[in-house]
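Dropping my_file_29.csv in here (CSV, N, CA and C atoms):
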chain,number,residue,atom,x,y,z
A,231,MET,N,-9.9,-13.1,-20.8
A,231,MET,CA,-9.6,-12.9,-22.2
A,231,MET,C,-10.6,-11.9,-22.7
A,232,LYS,N,-10.0,-10.9,-23.4
A,232,LYS,CA,-10.8,-9.8,-23.8
A,232,LYS,C,-11.9,-10.1,-24.9
A,233,TYR,N,-11.6,-11.0,-25.8
A,233,TYR,CA,-12.5,-11.3,-26.9
A,233,TYR,C,-13.2,-12.6,-26.8
A,234,LEU,N,-13.1,-13.3,-25.6
A,234,LEU,CA,-13.6,-14.7,-25.5
A,234,LEU,C,-15.1,-14.7,-25.7
A,235,GLN,N,-15.9,-13.9,-25.1
A,235,GLN,CA,-17.3,-13.9,-25.2
A,235,GLN,C,-17.8,-13.6,-26.7
A,236,GLU,N,-17.1,-12.7,-27.3
A,236,GLU,CA,-17.5,-12.3,-28.7
A,236,GLU,C,-17.2,-13.5,-29.6
A,237,VAL,N,-16.0,-14.1,-29.5
A,237,VAL,CA,-15.7,-15.2,-30.3
A,237,VAL,C,-16.6,-16.4,-30.0
A,238,LYS,N,-17.0,-16.6,-28.8
A,238,LYS,CA,-17.9,-17.7,-28.4
A,238,LYS,C,-19.2,-17.5,-29.1
A,239,THR,N,-19.7,-16.2,-29.0
A,239,THR,CA,-21.0,-15.9,-29.7
A,239,THR,C,-21.0,-16.2,-31.2
A,240,LEU,N,-19.9,-15.7,-31.8
A,240,LEU,CA,-19.8,-16.0,-33.3
A,240,LEU,C,-19.7,-17.5,-33.6
A,241,LEU,N,-19.0,-18.2,-32.8
A,241,LEU,CA,-18.9,-19.6,-32.9
A,241,LEU,C,-20.2,-20.3,-32.8
A,242,ILE,N,-21.0,-19.9,-31.8
A,242,ILE,CA,-22.3,-20.5,-31.6
A,242,ILE,C,-23.2,-20.2,-32.8
A,243,ASP,N,-23.1,-18.9,-33.3
A,243,ASP,CA,-24.0,-18.5,-34.4
A,243,ASP,C,-23.6,-19.2,-35.7
A,244,VAL,N,-22.3,-19.3,-36.0
A,244,VAL,CA,-21.8,-19.8,-37.3
A,244,VAL,C,-22.1,-21.3,-37.3
A,245,LEU,N,-21.8,-22.0,-36.2
A,245,LEU,CA,-22.0,-23.5,-36.2
A,245,LEU,C,-23.4,-23.9,-35.8
A,246,HIS,N,-24.3,-22.9,-35.5
A,246,HIS,CA,-25.7,-23.2,-35.1
A,246,HIS,C,-25.7,-24.2,-33.9
A,247,LEU,N,-24.9,-23.9,-32.9
A,247,LEU,CA,-24.8,-24.7,-31.7
A,247,LEU,C,-26.0,-24.6,-30.7
A,248,GLY,N,-26.7,-23.4,-30.8
A,248,GLY,CA,-27.8,-23.2,-29.9
A,248,GLY,C,-27.4,-23.1,-28.5
A,249,PRO,N,-28.3,-23.5,-27.6
A,249,PRO,CA,-28.0,-23.4,-26.1
A,249,PRO,C,-26.9,-24.3,-25.7
A,250,ALA,N,-26.6,-25.4,-26.4
A,250,ALA,CA,-25.5,-26.3,-26.1
A,250,ALA,C,-24.2,-25.5,-26.1
A,251,GLY,N,-24.1,-24.5,-27.0
A,251,GLY,CA,-22.8,-23.8,-27.1
A,251,GLY,C,-22.5,-22.9,-26.0
A,252,GLU,N,-23.5,-22.6,-25.2
A,252,GLU,CA,-23.3,-21.7,-24.0
A,252,GLU,C,-22.4,-22.4,-23.0
A,253,SER,N,-22.3,-23.7,-23.0
A,253,SER,CA,-21.4,-24.3,-22.0
A,253,SER,C,-20.0,-24.3,-22.4
A,254,LEU,N,-19.6,-23.8,-23.5
A,254,LEU,CA,-18.2,-23.7,-24.0
A,254,LEU,C,-17.4,-22.8,-23.0
A,255,THR,N,-16.2,-23.2,-22.7
A,255,THR,CA,-15.3,-22.3,-21.9
A,255,THR,C,-14.1,-22.1,-22.7
A,256,SER,N,-13.2,-21.3,-22.1
A,256,SER,CA,-11.9,-21.1,-22.8
A,256,SER,C,-11.1,-22.4,-23.0
A,257,ASP,N,-11.3,-23.4,-22.2
A,257,ASP,CA,-10.6,-24.6,-22.3
A,257,ASP,C,-11.3,-25.7,-23.2
A,258,SER,N,-12.5,-25.3,-23.7
A,258,SER,CA,-13.2,-26.3,-24.5
A,258,SER,C,-12.5,-26.6,-25.8
A,259,PRO,N,-12.3,-27.9,-26.1
A,259,PRO,CA,-11.6,-28.2,-27.4
A,259,PRO,C,-12.6,-28.0,-28.5
A,260,LEU,N,-12.0,-27.5,-29.6
A,260,LEU,CA,-12.9,-27.2,-30.8
A,260,LEU,C,-12.6,-28.2,-31.9
A,261,LEU,N,-11.5,-28.0,-32.6
A,261,LEU,CA,-11.2,-28.9,-33.8
A,261,LEU,C,-11.0,-30.3,-33.4
A,262,GLY,N,-11.8,-31.2,-34.0
A,262,GLY,CA,-11.8,-32.6,-33.7
A,262,GLY,C,-12.8,-33.0,-32.6
A,263,SER,N,-13.3,-32.0,-31.9
A,263,SER,CA,-14.3,-32.3,-30.8
A,263,SER,C,-15.7,-31.8,-31.1
A,264,LEU,N,-15.8,-30.8,-31.9
A,264,LEU,CA,-17.1,-30.3,-32.3
A,264,LEU,C,-17.4,-30.8,-33.8
A,265,PRO,N,-18.3,-31.8,-33.9
A,265,PRO,CA,-18.5,-32.3,-35.3
A,265,PRO,C,-19.0,-31.2,-36.3
A,266,GLU,N,-19.5,-30.2,-35.7
A,266,GLU,CA,-20.0,-29.1,-36.6
A,266,GLU,C,-18.8,-28.3,-37.2
A,267,LEU,N,-17.7,-28.4,-36.6
A,267,LEU,CA,-16.5,-27.6,-37.0
A,267,LEU,C,-15.7,-28.4,-38.1
A,268,ASP,N,-16.2,-28.4,-39.3
A,268,ASP,CA,-15.5,-29.1,-40.4
A,268,ASP,C,-14.8,-28.1,-41.2
A,269,SER,N,-14.1,-28.5,-42.2
A,269,SER,CA,-13.3,-27.5,-43.0
A,269,SER,C,-14.1,-26.4,-43.6
A,270,MET,N,-15.3,-26.6,-44.0
A,270,MET,CA,-16.2,-25.6,-44.6
A,270,MET,C,-16.6,-24.6,-43.5
A,271,ALA,N,-16.9,-25.1,-42.3
A,271,ALA,CA,-17.2,-24.3,-41.1
A,271,ALA,C,-16.1,-23.4,-40.7
A,272,VAL,N,-14.9,-23.9,-40.8
A,272,VAL,CA,-13.7,-23.1,-40.4
A,272,VAL,C,-13.6,-21.9,-41.4
A,273,VAL,N,-13.8,-22.1,-42.7
A,273,VAL,CA,-13.7,-21.0,-43.6
A,273,VAL,C,-14.8,-20.0,-43.3
A,274,THR,N,-16.0,-20.5,-43.0
A,274,THR,CA,-17.1,-19.6,-42.7
A,274,THR,C,-16.8,-18.8,-41.4
A,275,LEU,N,-16.3,-19.5,-40.4
A,275,LEU,CA,-16.0,-18.9,-39.2
A,275,LEU,C,-14.9,-17.8,-39.3
A,276,ILE,N,-13.9,-18.1,-40.1
A,276,ILE,CA,-12.8,-17.1,-40.4
A,276,ILE,C,-13.4,-15.9,-41.0
A,277,GLY,N,-14.3,-16.1,-42.0
A,277,GLY,CA,-15.0,-14.9,-42.6
A,277,GLY,C,-15.8,-14.1,-41.6
A,278,ALA,N,-16.5,-14.8,-40.7
A,278,ALA,CA,-17.2,-14.1,-39.7
A,278,ALA,C,-16.3,-13.3,-38.7
A,279,LEU,N,-15.2,-13.9,-38.4
A,279,LEU,CA,-14.3,-13.2,-37.5
A,279,LEU,C,-13.7,-12.0,-38.2
A,280,GLU,N,-13.3,-12.1,-39.4
A,280,GLU,CA,-12.8,-11.0,-40.2
A,280,GLU,C,-13.8,-9.9,-40.3
A,281,GLU,N,-15.0,-10.2,-40.6
A,281,GLU,CA,-16.0,-9.2,-40.7
A,281,GLU,C,-16.3,-8.5,-39.3
A,282,HIS,N,-16.5,-9.3,-38.3
A,282,HIS,CA,-16.9,-8.8,-37.0
A,282,HIS,C,-15.8,-7.9,-36.4
A,283,PHE,N,-14.6,-8.4,-36.5
A,283,PHE,CA,-13.5,-7.7,-35.8
A,283,PHE,C,-12.7,-6.8,-36.7
A,284,GLY,N,-13.0,-6.8,-38.0
A,284,GLY,CA,-12.3,-5.9,-38.9
A,284,GLY,C,-10.8,-6.3,-39.1
A,285,ILE,N,-10.6,-7.6,-39.2
A,285,ILE,CA,-9.2,-8.1,-39.3
A,285,ILE,C,-9.1,-8.9,-40.6
A,286,MET,N,-7.9,-9.1,-41.0
A,286,MET,CA,-7.6,-9.9,-42.2
A,286,MET,C,-6.8,-11.1,-41.7
A,287,VAL,N,-7.2,-12.3,-42.2
A,287,VAL,CA,-6.5,-13.5,-41.8
A,287,VAL,C,-6.0,-14.2,-43.1
A,288,ASP,N,-4.7,-14.3,-43.2
A,288,ASP,CA,-4.1,-15.0,-44.3
A,288,ASP,C,-4.1,-16.5,-44.1
A,289,ASP,N,-4.2,-17.3,-45.2
A,289,ASP,CA,-4.1,-18.7,-45.0
A,289,ASP,C,-2.9,-19.2,-44.2
A,290,ASP,N,-1.8,-18.5,-44.4
A,290,ASP,CA,-0.6,-18.9,-43.7
A,290,ASP,C,-0.7,-18.7,-42.2
A,291,ASP,N,-1.6,-17.9,-41.8
A,291,ASP,CA,-1.8,-17.6,-40.4
A,291,ASP,C,-2.6,-18.6,-39.6
A,292,ILE,N,-3.2,-19.5,-40.4
A,292,ILE,CA,-4.1,-20.5,-39.8
A,292,ILE,C,-3.4,-21.8,-39.5
A,293,SER,N,-3.6,-22.3,-38.3
A,293,SER,CA,-3.0,-23.7,-38.0
A,293,SER,C,-4.0,-24.4,-37.1
A,294,ALA,N,-3.8,-25.7,-37.0
A,294,ALA,CA,-4.7,-26.5,-36.1
A,294,ALA,C,-4.7,-25.9,-34.7
A,295,SER,N,-3.5,-25.4,-34.3
A,295,SER,CA,-3.4,-24.9,-32.9
A,295,SER,C,-4.3,-23.7,-32.7
A,296,THR,N,-4.6,-23.0,-33.7
A,296,THR,CA,-5.5,-21.8,-33.6
A,296,THR,C,-6.9,-22.2,-33.2
A,297,PHE,N,-7.3,-23.4,-33.7
A,297,PHE,CA,-8.6,-23.9,-33.4
A,297,PHE,C,-8.6,-25.0,-32.4
A,298,ALA,N,-7.6,-25.1,-31.6
A,298,ALA,CA,-7.5,-26.2,-30.6
A,298,ALA,C,-8.5,-26.0,-29.5
A,299,THR,N,-8.7,-24.8,-29.0
A,299,THR,CA,-9.6,-24.5,-27.9
A,299,THR,C,-10.3,-23.2,-28.2
A,300,LEU,N,-11.4,-22.9,-27.5
A,300,LEU,CA,-12.0,-21.6,-27.7
A,300,LEU,C,-11.1,-20.5,-27.2
A,301,GLY,N,-10.3,-20.8,-26.2
A,301,GLY,CA,-9.3,-19.8,-25.7
A,301,GLY,C,-8.2,-19.5,-26.7
A,302,SER,N,-7.7,-20.5,-27.4
A,302,SER,CA,-6.7,-20.3,-28.4
A,302,SER,C,-7.2,-19.5,-29.6
A,303,LEU,N,-8.5,-19.7,-29.9
A,303,LEU,CA,-9.1,-18.9,-31.0
A,303,LEU,C,-9.3,-17.5,-30.6
A,304,ALA,N,-9.7,-17.2,-29.3
A,304,ALA,CA,-9.8,-15.9,-28.8
A,304,ALA,C,-8.5,-15.2,-28.8
A,305,GLU,N,-7.4,-15.9,-28.4
A,305,GLU,CA,-6.1,-15.3,-28.3
A,305,GLU,C,-5.6,-14.9,-29.7
A,306,PHE,N,-5.9,-15.8,-30.7
A,306,PHE,CA,-5.6,-15.5,-32.1
A,306,PHE,C,-6.3,-14.2,-32.6
A,307,VAL,N,-7.5,-14.1,-32.2
A,307,VAL,CA,-8.3,-12.8,-32.6
A,307,VAL,C,-7.7,-11.6,-31.9
A,308,ALA,N,-7.4,-11.8,-30.6
A,308,ALA,CA,-6.8,-10.7,-29.9
A,308,ALA,C,-5.4,-10.2,-30.5
A,309,ALA,N,-4.6,-11.1,-30.9
A,309,ALA,CA,-3.4,-10.8,-31.6
A,309,ALA,C,-3.6,-10.1,-32.9
A,310,ARG,N,-4.6,-10.4,-33.6
A,310,ARG,CA,-4.9,-9.8,-34.9
A,310,ARG,C,-5.5,-8.4,-34.7
A,311,VAL,N,-6.3,-8.2,-33.7
A,311,VAL,CA,-7.0,-7.0,-33.5
A,311,VAL,C,-6.0,-6.0,-32.9
A,312,GLY,N,-5.2,-6.5,-31.9
A,312,GLY,CA,-4.2,-5.6,-31.2
A,312,GLY,C,-3.1,-5.1,-32.1

Would you put the structure from the file into structure tokens?
Amino acid sequence: MKYLQEVKTLLIDVLHLGPAGESLTSDSPLLGSLPELDSMAVVTLIGALEEHFGIMVDDDDISASTFATLGSLAEFVAARVG
């Protein structure tokens, strides 16, 4: 996946996961599995993704499936950038 590493790095930075975040893979579950990923963190993460990748994310574009795994989040970014 083209944007996986960049999304992973942003996720680690925004959620302050530190070295523990390095073990995340594309199949790693996010929403409901990372206690750091609460509703406020989702908003912050979306803002960071918009700024980093130069994309716009409408509220209607966001669903729980977007944040299901690191891979699904990277695919979402790829679709917006592409």

Expressed in Å to a single decimal, how great is the separation between atom CA of A:Ser258 and atom CA of A:Lys238?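 Computed distance, atom CA of A:Ser258 to atom CA of A:Lys238, equals 10.5 Å.
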
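If you measure from each of A:Ser293, A:Ser302, A:Ser269, A:Ser263 to A:Val237 using only C-alpha atoms, the closest one turns out to be A:Ser302.
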
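Pairwise distance (atom C of A:Asp290, atom C of A:Ser256) equals 22.1 Å.
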
Any idea what the distance is between atom C of A:Phe283 and atom CA of A:Val311?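 Calculated distance between atom C of A:Phe283 and atom CA of A:Val311 is 6.5 Å.
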
Among the residues A:Met231, A:Leu245, A:Ala294, A:Val307, the one that comes closest to A:Leu275 [using only C-alpha atoms]: A:Leu245

For the alpha helix (DSSP H) assignment from backbone DSSP, which residues of chain A qualify? Please present them as a CSV table (one decimal) with N, CA and C atoms, in the frame of the given file.
chain,number,residue,atom,x,y,z
A,234,LEU,N,-13.1,-13.3,-25.6
A,234,LEU,CA,-13.6,-14.7,-25.5
A,234,LEU,C,-15.1,-14.7,-25.7
A,235,GLN,N,-15.9,-13.9,-25.1
A,235,GLN,CA,-17.3,-13.9,-25.2
A,235,GLN,C,-17.8,-13.6,-26.7
A,236,GLU,N,-17.1,-12.7,-27.3
A,236,GLU,CA,-17.5,-12.3,-28.7
A,236,GLU,C,-17.2,-13.5,-29.6
A,237,VAL,N,-16.0,-14.1,-29.5
A,237,VAL,CA,-15.7,-15.2,-30.3
A,237,VAL,C,-16.6,-16.4,-30.0
A,238,LYS,N,-17.0,-16.6,-28.8
A,238,LYS,CA,-17.9,-17.7,-28.4
A,238,LYS,C,-19.2,-17.5,-29.1
A,239,THR,N,-19.7,-16.2,-29.0
A,239,THR,CA,-21.0,-15.9,-29.7
A,239,THR,C,-21.0,-16.2,-31.2
A,240,LEU,N,-19.9,-15.7,-31.8
A,240,LEU,CA,-19.8,-16.0,-33.3
A,240,LEU,C,-19.7,-17.5,-33.6
A,241,LEU,N,-19.0,-18.2,-32.8
A,241,LEU,CA,-18.9,-19.6,-32.9
A,241,LEU,C,-20.2,-20.3,-32.8
A,242,ILE,N,-21.0,-19.9,-31.8
A,242,ILE,CA,-22.3,-20.5,-31.6
A,242,ILE,C,-23.2,-20.2,-32.8
A,243,ASP,N,-23.1,-18.9,-33.3
A,243,ASP,CA,-24.0,-18.5,-34.4
A,243,ASP,C,-23.6,-19.2,-35.7
A,244,VAL,N,-22.3,-19.3,-36.0
A,244,VAL,CA,-21.8,-19.8,-37.3
A,244,VAL,C,-22.1,-21.3,-37.3
A,245,LEU,N,-21.8,-22.0,-36.2
A,245,LEU,CA,-22.0,-23.5,-36.2
A,245,LEU,C,-23.4,-23.9,-35.8
A,269,SER,N,-14.1,-28.5,-42.2
A,269,SER,CA,-13.3,-27.5,-43.0
A,269,SER,C,-14.1,-26.4,-43.6
A,270,MET,N,-15.3,-26.6,-44.0
A,270,MET,CA,-16.2,-25.6,-44.6
A,270,MET,C,-16.6,-24.6,-43.5
A,271,ALA,N,-16.9,-25.1,-42.3
A,271,ALA,CA,-17.2,-24.3,-41.1
A,271,ALA,C,-16.1,-23.4,-40.7
A,272,VAL,N,-14.9,-23.9,-40.8
A,272,VAL,CA,-13.7,-23.1,-40.4
A,272,VAL,C,-13.6,-21.9,-41.4
A,273,VAL,N,-13.8,-22.1,-42.7
A,273,VAL,CA,-13.7,-21.0,-43.6
A,273,VAL,C,-14.8,-20.0,-43.3
A,274,THR,N,-16.0,-20.5,-43.0
A,274,THR,CA,-17.1,-19.6,-42.7
A,274,THR,C,-16.8,-18.8,-41.4
A,275,LEU,N,-16.3,-19.5,-40.4
A,275,LEU,CA,-16.0,-18.9,-39.2
A,275,LEU,C,-14.9,-17.8,-39.3
A,276,ILE,N,-13.9,-18.1,-40.1
A,276,ILE,CA,-12.8,-17.1,-40.4
A,276,ILE,C,-13.4,-15.9,-41.0
A,277,GLY,N,-14.3,-16.1,-42.0
A,277,GLY,CA,-15.0,-14.9,-42.6
A,277,GLY,C,-15.8,-14.1,-41.6
A,278,ALA,N,-16.5,-14.8,-40.7
A,278,ALA,CA,-17.2,-14.1,-39.7
A,278,ALA,C,-16.3,-13.3,-38.7
A,279,LEU,N,-15.2,-13.9,-38.4
A,279,LEU,CA,-14.3,-13.2,-37.5
A,279,LEU,C,-13.7,-12.0,-38.2
A,280,GLU,N,-13.3,-12.1,-39.4
A,280,GLU,CA,-12.8,-11.0,-40.2
A,280,GLU,C,-13.8,-9.9,-40.3
A,281,GLU,N,-15.0,-10.2,-40.6
A,281,GLU,CA,-16.0,-9.2,-40.7
A,281,GLU,C,-16.3,-8.5,-39.3
A,282,HIS,N,-16.5,-9.3,-38.3
A,282,HIS,CA,-16.9,-8.8,-37.0
A,282,HIS,C,-15.8,-7.9,-36.4
A,283,PHE,N,-14.6,-8.4,-36.5
A,283,PHE,CA,-13.5,-7.7,-35.8
A,283,PHE,C,-12.7,-6.8,-36.7
A,300,LEU,N,-11.4,-22.9,-27.5
A,300,LEU,CA,-12.0,-21.6,-27.7
A,300,LEU,C,-11.1,-20.5,-27.2
A,301,GLY,N,-10.3,-20.8,-26.2
A,301,GLY,CA,-9.3,-19.8,-25.7
A,301,GLY,C,-8.2,-19.5,-26.7
A,302,SER,N,-7.7,-20.5,-27.4
A,302,SER,CA,-6.7,-20.3,-28.4
A,302,SER,C,-7.2,-19.5,-29.6
A,303,LEU,N,-8.5,-19.7,-29.9
A,303,LEU,CA,-9.1,-18.9,-31.0
A,303,LEU,C,-9.3,-17.5,-30.6
A,304,ALA,N,-9.7,-17.2,-29.3
A,304,ALA,CA,-9.8,-15.9,-28.8
A,304,ALA,C,-8.5,-15.2,-28.8
A,305,GLU,N,-7.4,-15.9,-28.4
A,305,GLU,CA,-6.1,-15.3,-28.3
A,305,GLU,C,-5.6,-14.9,-29.7
A,306,PHE,N,-5.9,-15.8,-30.7
A,306,PHE,CA,-5.6,-15.5,-32.1
A,306,PHE,C,-6.3,-14.2,-32.6
A,307,VAL,N,-7.5,-14.1,-32.2
A,307,VAL,CA,-8.3,-12.8,-32.6
A,307,VAL,C,-7.7,-11.6,-31.9
A,308,ALA,N,-7.4,-11.8,-30.6
A,308,ALA,CA,-6.8,-10.7,-29.9
A,308,ALA,C,-5.4,-10.2,-30.5
A,309,ALA,N,-4.6,-11.1,-30.9
A,309,ALA,CA,-3.4,-10.8,-31.6
A,309,ALA,C,-3.6,-10.1,-32.9
A,310,ARG,N,-4.6,-10.4,-33.6
A,310,ARG,CA,-4.9,-9.8,-34.9
A,310,ARG,C,-5.5,-8.4,-34.7
A,311,VAL,N,-6.3,-8.2,-33.7
A,311,VAL,CA,-7.0,-7.0,-33.5
A,311,VAL,C,-6.0,-6.0,-32.9
